[in-house]
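Chemist: File name work_38.txt; file contents compact mmCIF, C-alpha atoms; full text below.
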# COMPACT_ATOMS: atom_id res chain seq x y z
CA MET A 9 14.03 4.73 7.07
CA LEU A 10 10.74 4.55 8.94
CA ARG A 11 10.26 6.23 12.27
CA SER A 12 8.39 4.46 15.03
CA ILE A 13 5.06 6.08 15.76
CA THR A 14 3.45 5.73 19.15
CA MET A 15 -0.27 6.34 19.47
CA GLU A 16 -2.49 6.42 22.51
CA GLY A 17 -5.90 4.83 22.14
CA PRO A 18 -7.70 1.62 21.33
CA PRO A 19 -6.33 -0.63 18.59
CA VAL A 20 -9.86 -1.59 17.47
CA VAL A 21 -12.89 0.67 17.25
CA PRO A 22 -16.19 -1.14 16.63
CA ALA A 23 -18.30 0.31 13.84
CA GLY A 24 -21.37 -1.75 14.74
CA PHE A 25 -22.69 -2.63 18.18
CA PRO A 26 -20.86 -1.15 21.17
CA SER A 27 -18.27 -3.43 22.72
CA PRO A 28 -17.83 -4.09 26.45
CA ALA A 29 -15.50 -1.71 28.29
CA GLU A 30 -13.05 -4.57 28.90
CA ASP A 31 -12.14 -4.46 25.17
CA TYR A 32 -10.80 -0.91 25.61
CA TYR A 33 -7.02 -0.45 25.47
CA ASP A 34 -5.33 2.84 26.24
CA GLY A 35 -1.65 1.92 26.02
CA PRO A 36 0.84 2.85 23.29
CA ILE A 37 0.59 1.26 19.86
CA ASP A 38 3.75 0.62 17.86
CA LEU A 39 2.64 0.88 14.23
CA ASP A 40 5.97 -0.49 13.00
CA ALA A 41 5.35 -3.72 14.92
CA HIS A 42 1.91 -4.06 13.32
CA LEU A 43 2.67 -2.94 9.76
CA ILE A 44 6.36 -3.59 9.03
CA ARG A 45 7.79 -7.09 8.51
CA ASN A 46 11.29 -6.13 7.40
CA PRO A 47 12.20 -2.55 8.43
CA ALA A 48 15.46 -2.45 6.44
CA ALA A 49 13.60 -3.18 3.18
CA THR A 50 10.35 -1.29 3.80
CA PHE A 51 9.40 2.11 2.45
CA ILE A 52 6.36 4.38 2.36
CA MET A 53 5.34 5.92 -0.96
CA ARG A 54 2.47 8.28 -1.82
CA ILE A 55 0.07 7.34 -4.61
CA SER A 56 -0.67 9.80 -7.38
CA GLY A 57 -3.52 8.90 -9.71
CA ARG A 58 -6.67 6.81 -9.90
CA SER A 59 -5.58 3.59 -11.63
CA MET A 60 -5.78 1.42 -8.48
CA GLU A 61 -9.06 2.66 -6.99
CA GLY A 62 -10.76 -0.70 -7.55
CA VAL A 63 -8.55 -2.30 -4.88
CA GLY A 64 -8.91 0.59 -2.44
CA ILE A 65 -5.74 2.49 -3.33
CA HIS A 66 -6.69 6.13 -3.96
CA ASP A 67 -4.94 9.30 -5.05
CA GLY A 68 -3.04 10.68 -2.04
CA ASP A 69 -2.95 7.39 -0.10
CA GLU A 70 0.33 6.08 1.23
CA ILE A 71 1.41 2.53 0.53
CA ILE A 72 3.86 0.45 2.51
CA VAL A 73 6.20 -1.34 0.13
CA ASP A 74 8.44 -4.26 1.12
CA ARG A 75 11.39 -4.76 -1.24
CA SER A 76 12.31 -8.11 0.33
CA LEU A 77 9.14 -9.90 -0.78
CA ARG A 78 8.93 -11.89 -4.00
CA ALA A 79 6.13 -10.78 -6.32
CA GLY A 80 3.84 -13.34 -7.88
CA ASP A 81 0.71 -13.38 -10.01
CA GLY A 82 -1.85 -11.13 -8.32
CA SER A 83 0.65 -9.20 -6.19
CA ILE A 84 0.17 -5.46 -6.07
CA ILE A 85 3.60 -4.10 -6.85
CA VAL A 86 5.58 -0.96 -7.43
CA ALA A 87 7.41 -1.38 -10.73
CA VAL A 88 9.86 0.78 -12.62
CA LEU A 89 8.64 1.34 -16.15
CA ASP A 90 10.28 3.86 -18.50
CA ASN A 91 12.33 5.17 -15.54
CA GLU A 92 9.18 5.97 -13.53
CA PHE A 93 7.43 4.23 -10.67
CA THR A 94 3.99 2.75 -11.18
CA CYS A 95 1.71 0.81 -8.84
CA LYS A 96 -0.26 -2.00 -10.50
CA THR A 97 -1.28 -5.63 -10.08
CA LEU A 98 1.24 -8.06 -11.56
CA ARG A 99 -0.31 -10.62 -13.91
CA THR A 100 1.76 -13.40 -15.46
CA ASP A 101 -0.51 -14.95 -18.12
CA PRO A 102 -0.15 -12.98 -20.30
CA PRO A 103 2.55 -10.88 -18.58
CA ARG A 104 1.12 -7.46 -17.83
CA LEU A 105 0.66 -4.74 -15.24
CA GLU A 106 -3.03 -4.47 -14.58
CA PRO A 107 -4.77 -1.36 -13.26
CA ALA A 108 -7.77 -1.67 -10.94
CA ASN A 109 -9.85 0.91 -12.75
CA PRO A 110 -11.65 0.28 -16.06
CA ASP A 111 -10.67 3.76 -17.26
CA PHE A 112 -7.08 2.53 -17.63
CA GLU A 113 -5.59 -0.09 -19.96
CA PRO A 114 -3.32 -2.96 -18.87
CA ILE A 115 0.37 -2.43 -19.64
CA PRO A 116 1.99 -5.38 -21.44
CA ILE A 117 5.33 -6.39 -19.91
CA PRO A 118 8.00 -6.20 -22.62
CA GLU A 119 10.14 -9.25 -23.41
CA GLU A 120 13.11 -7.69 -21.64
CA GLY A 121 10.96 -7.52 -18.48
CA ILE A 122 10.46 -4.83 -15.90
CA THR A 123 12.00 -3.99 -12.55
CA VAL A 124 9.78 -4.96 -9.64
CA TRP A 125 10.78 -2.39 -7.02
CA GLY A 126 8.71 -3.92 -4.23
CA VAL A 127 5.45 -5.51 -3.11
CA VAL A 128 2.69 -3.43 -1.56
CA THR A 129 1.72 -4.78 1.86
CA THR A 130 -0.48 -2.04 3.32
CA VAL A 131 -2.50 0.98 2.22
CA ILE A 132 -2.90 3.99 4.49
CA HIS A 133 -6.09 5.79 3.45
CA HIS A 134 -6.79 9.21 4.93
CA VAL A 135 -10.38 10.22 5.60
CA LEU A 136 -9.87 13.87 6.53
CA PRO A 137 -10.16 16.32 3.65
CA GLY A 138 -6.58 16.93 2.59
CA GLY A 139 -5.35 13.67 4.11
CA ALA A 140 -2.72 13.67 6.81
CA HIS A 141 -1.73 17.18 5.82
CA ALA A 142 -4.98 18.84 6.98
CA GLY A 143 -4.36 21.80 9.25
So that I can check it, write out the structure of this file as structure tokens.
Modeler:
Amino acid sequence: MLRSITMEGPPVVPAGFPSPAEDYYDGPIDLDAHLIRNPAATFIMRISGRSMEGVGIHDGDEIIVDRSLRAGDGSIIVAVLDNEFTCKTLRTDPPRLEPANPDFEPIPIPEEGITVWGVVTTVIHHVLPGGAHAG
């Protein structure tokens, strides 16, 4: 179950030209309201490995996974393969799990299929050395 997180500060920080002061917001931000569509079916998982770097999912990032969404061609999913989780792009023609890093090979989907555990909706990428666990 996800906990609500309340943050103080602006929801948007310009990275280009300064914005007028009227764009500043200093109230609470409910991240669940912004990131979670279906709380009962949504989970956060931590990525281990480099196979999805080409789509901005890096080792140590967290992904928000919604189990209520239906996966289709091009969806980034969490699948269960050989009793282990893997995060890849689902491709249907031919059926395969496709990494987003040329150092990794696509994984053909066997005739008996795979278990799609959920669809990735959001990536949380940490910029501090050591991620969210920096002291």
Chemist: For A:Arg54, work out the shell of residues within 9 Å, counting only C-alpha atoms and skipping chain neighbours fewer than 2 positions away, then give it as a list in words.
Modeler: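 Close residues of A:Arg54: Ile52, Ser56, Asp67, Gly68, Asp69, Glu70 and Ile71 of chain A.
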Chemist: Using all atoms listed in the file, collect all residues at a distance of at most 10 Å from (-1.3, -3.4, -17.8) as written in the file, then present them as a list in words.
Modeler: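 Every residue inside that radius is included here: Lys96, Thr97, Leu98, Arg99, Pro102, Pro103, Arg104, Leu105, Glu106, Pro107, Ala108, Phe112, Glu113, Pro114, Ile115, Pro116 and Ile117 of chain A.
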Chemist: Which one is closest to A:Thr50: A:Asp34, A:Leu77, A:Pro110, A:Ile132? Count all atoms listed in the file.
Modeler: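 Nearest to A:Thr50: A:Leu77.
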Chemist: Measure the distance from atom CA of A:Val128 to atom CA of A:Ala79 in Å and round it to one decimal.
Modeler: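 For atom CA of A:Val128 relative to atom CA of A:Ala79, the distance reads 9.4 Å.
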Chemist: Using all atoms listed in the file, find the one residue out of A:Val135, A:Val73, A:Val88, A:Cys95 that sits nearest to A:Thr123.
Modeler: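 So, comparing all the options, the nearest one is A:Val88.
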Chemist: Tell me, in Å to one decimal, how far atom CA of A:Pro47 is from atom CA of A:Ser59.
Modeler: 27.5 Å
Chemist: I'd like the neighbourhood of A:Glu92 as a list in words, where a residue qualifies if any of its atoms comes within 12 Å (using all atoms listed in the file), though same-chain residues fewer than 2 positions away should be ignored.
Modeler: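 Once the nearby chain positions are removed, what remains is Val86, Ala87, Val88, Leu89, Asp90, Thr94, Cys95, Ile122, Thr123, Val124 and Trp125 of chain A.
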Chemist: Report, in Å to a single decimal, how far apart atom CA of A:Glu61 and atom CA of A:Arg78 are.
Modeler: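 Distance between the two atoms: 23.3 Å.
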Chemist: Measuring between only C-alpha atoms, which one of A:Val131, A:Gly126, A:Leu39, A:Arg58 shows the shortest distance to A:Ser83?
Modeler: A:Gly126
Chemist: With all atoms listed in the file as the basis for distance, which of A:Gly121, A:Asn109, A:His42, A:Ala49 is at the shortest distance from A:His66?
Modeler: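 Of all the options, A:Asn109 lies closest to A:His66.
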Chemist: Go through A:Leu43, A:Val127, A:Met53, A:Ile65 one by one, measure the shortest atom-to-atom distance of each to A:Gly80 using all atoms listed in the file, and give the residue with the smallest value.
Modeler: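 Nearest candidate to A:Gly80 out of A:Leu43, A:Val127, A:Met53, A:Ile65: A:Val127.
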Chemist: Output as an mmCIF file, keeping the file's coordinate frame: stretch 53-82 of chain A, completed with N, CA and C atoms.
Modeler:
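File rebuild.cif, as written:
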data_model
loop_
_atom_site.group_PDB
_atom_site.id
_atom_site.type_symbol
_atom_site.label_atom_id
_atom_site.label_comp_id
_atom_site.auth_asym_id
_atom_site.auth_seq_id
_atom_site.Cartn_x
_atom_site.Cartn_y
_atom_site.Cartn_z
ATOM 1 N N MET A 53 5.424 5.107 0.247
ATOM 2 C CA MET A 53 5.340 5.920 -0.960
ATOM 3 C C MET A 53 3.917 6.496 -1.040
ATOM 4 N N ARG A 54 3.784 7.667 -1.641
ATOM 5 C CA ARG A 54 2.470 8.280 -1.820
ATOM 6 C C ARG A 54 1.967 8.010 -3.231
ATOM 7 N N ILE A 55 0.705 7.630 -3.323
ATOM 8 C CA ILE A 55 0.070 7.340 -4.610
ATOM 9 C C ILE A 55 -0.393 8.623 -5.283
ATOM 10 N N SER A 56 -0.173 8.697 -6.572
ATOM 11 C CA SER A 56 -0.670 9.800 -7.380
ATOM 12 C C SER A 56 -1.429 9.184 -8.548
ATOM 13 N N GLY A 57 -2.716 9.417 -8.607
ATOM 14 C CA GLY A 57 -3.520 8.900 -9.710
ATOM 15 C C GLY A 57 -4.634 7.981 -9.239
ATOM 16 N N ARG A 58 -5.453 7.545 -10.200
ATOM 17 C CA ARG A 58 -6.670 6.810 -9.900
ATOM 18 C C ARG A 58 -6.676 5.378 -10.426
ATOM 19 N N SER A 59 -5.569 4.893 -10.945
ATOM 20 C CA SER A 59 -5.580 3.590 -11.630
ATOM 21 C C SER A 59 -5.787 2.399 -10.718
ATOM 22 N N MET A 60 -5.650 2.567 -9.396
ATOM 23 C CA MET A 60 -5.780 1.420 -8.480
ATOM 24 C C MET A 60 -6.966 1.562 -7.527
ATOM 25 N N GLU A 61 -7.906 2.427 -7.868
ATOM 26 C CA GLU A 61 -9.060 2.660 -6.990
ATOM 27 C C GLU A 61 -9.890 1.400 -6.739
ATOM 28 N N GLY A 62 -9.947 0.508 -7.690
ATOM 29 C CA GLY A 62 -10.760 -0.700 -7.550
ATOM 30 C C GLY A 62 -10.290 -1.643 -6.459
ATOM 31 N N VAL A 63 -9.056 -1.483 -5.990
ATOM 32 C CA VAL A 63 -8.550 -2.300 -4.880
ATOM 33 C C VAL A 63 -8.339 -1.431 -3.635
ATOM 34 N N GLY A 64 -8.955 -0.256 -3.626
ATOM 35 C CA GLY A 64 -8.910 0.590 -2.440
ATOM 36 C C GLY A 64 -7.661 1.438 -2.289
ATOM 37 N N ILE A 65 -6.915 1.622 -3.367
ATOM 38 C CA ILE A 65 -5.740 2.490 -3.330
ATOM 39 C C ILE A 65 -6.099 3.763 -4.110
ATOM 40 N N HIS A 66 -6.185 4.880 -3.382
ATOM 41 C CA HIS A 66 -6.690 6.130 -3.960
ATOM 42 C C HIS A 66 -5.594 7.189 -4.049
ATOM 43 N N ASP A 67 -5.838 8.165 -4.889
ATOM 44 C CA ASP A 67 -4.940 9.300 -5.050
ATOM 45 C C ASP A 67 -4.678 9.930 -3.675
ATOM 46 N N GLY A 68 -3.406 10.089 -3.317
ATOM 47 C CA GLY A 68 -3.040 10.680 -2.040
ATOM 48 C C GLY A 68 -2.796 9.677 -0.923
ATOM 49 N N ASP A 69 -3.209 8.415 -1.109
ATOM 50 C CA ASP A 69 -2.950 7.390 -0.100
ATOM 51 C C ASP A 69 -1.457 7.099 -0.032
ATOM 52 N N GLU A 70 -1.028 6.593 1.121
ATOM 53 C CA GLU A 70 0.330 6.080 1.230
ATOM 54 C C GLU A 70 0.279 4.564 1.163
ATOM 55 N N ILE A 71 1.291 3.988 0.567
ATOM 56 C CA ILE A 71 1.410 2.530 0.530
ATOM 57 C C ILE A 71 2.706 2.148 1.228
ATOM 58 N N ILE A 72 2.657 1.014 1.910
ATOM 59 C CA ILE A 72 3.860 0.450 2.510
ATOM 60 C C ILE A 72 4.353 -0.610 1.553
ATOM 61 N N VAL A 73 5.607 -0.485 1.155
ATOM 62 C CA VAL A 73 6.200 -1.340 0.130
ATOM 63 C C VAL A 73 7.381 -2.088 0.730
ATOM 64 N N ASP A 74 7.352 -3.417 0.601
ATOM 65 C CA ASP A 74 8.440 -4.260 1.120
ATOM 66 C C ASP A 74 9.250 -4.767 -0.066
ATOM 67 N N ARG A 75 10.518 -4.368 -0.128
ATOM 68 C CA ARG A 75 11.390 -4.760 -1.240
ATOM 69 C C ARG A 75 11.943 -6.161 -1.068
ATOM 70 N N SER A 76 11.760 -6.781 0.104
ATOM 71 C CA SER A 76 12.310 -8.110 0.330
ATOM 72 C C SER A 76 11.361 -9.223 -0.106
ATOM 73 N N LEU A 77 10.113 -8.877 -0.398
ATOM 74 C CA LEU A 77 9.140 -9.900 -0.780
ATOM 75 C C LEU A 77 9.224 -10.212 -2.267
ATOM 76 N N ARG A 78 8.950 -11.461 -2.593
ATOM 77 C CA ARG A 78 8.930 -11.890 -4.000
ATOM 78 C C ARG A 78 7.522 -11.689 -4.557
ATOM 79 N N ALA A 79 7.427 -11.026 -5.685
ATOM 80 C CA ALA A 79 6.130 -10.780 -6.320
ATOM 81 C C ALA A 79 5.693 -11.997 -7.109
ATOM 82 N N GLY A 80 4.414 -12.261 -7.090
ATOM 83 C CA GLY A 80 3.840 -13.340 -7.880
ATOM 84 C C GLY A 80 2.571 -12.851 -8.545
ATOM 85 N N ASP A 81 1.951 -13.726 -9.321
ATOM 86 C CA ASP A 81 0.710 -13.380 -10.010
ATOM 87 C C ASP A 81 -0.313 -12.896 -8.988
ATOM 88 N N GLY A 82 -0.853 -11.704 -9.217
ATOM 89 C CA GLY A 82 -1.850 -11.130 -8.320
ATOM 90 C C GLY A 82 -1.286 -10.197 -7.269
#
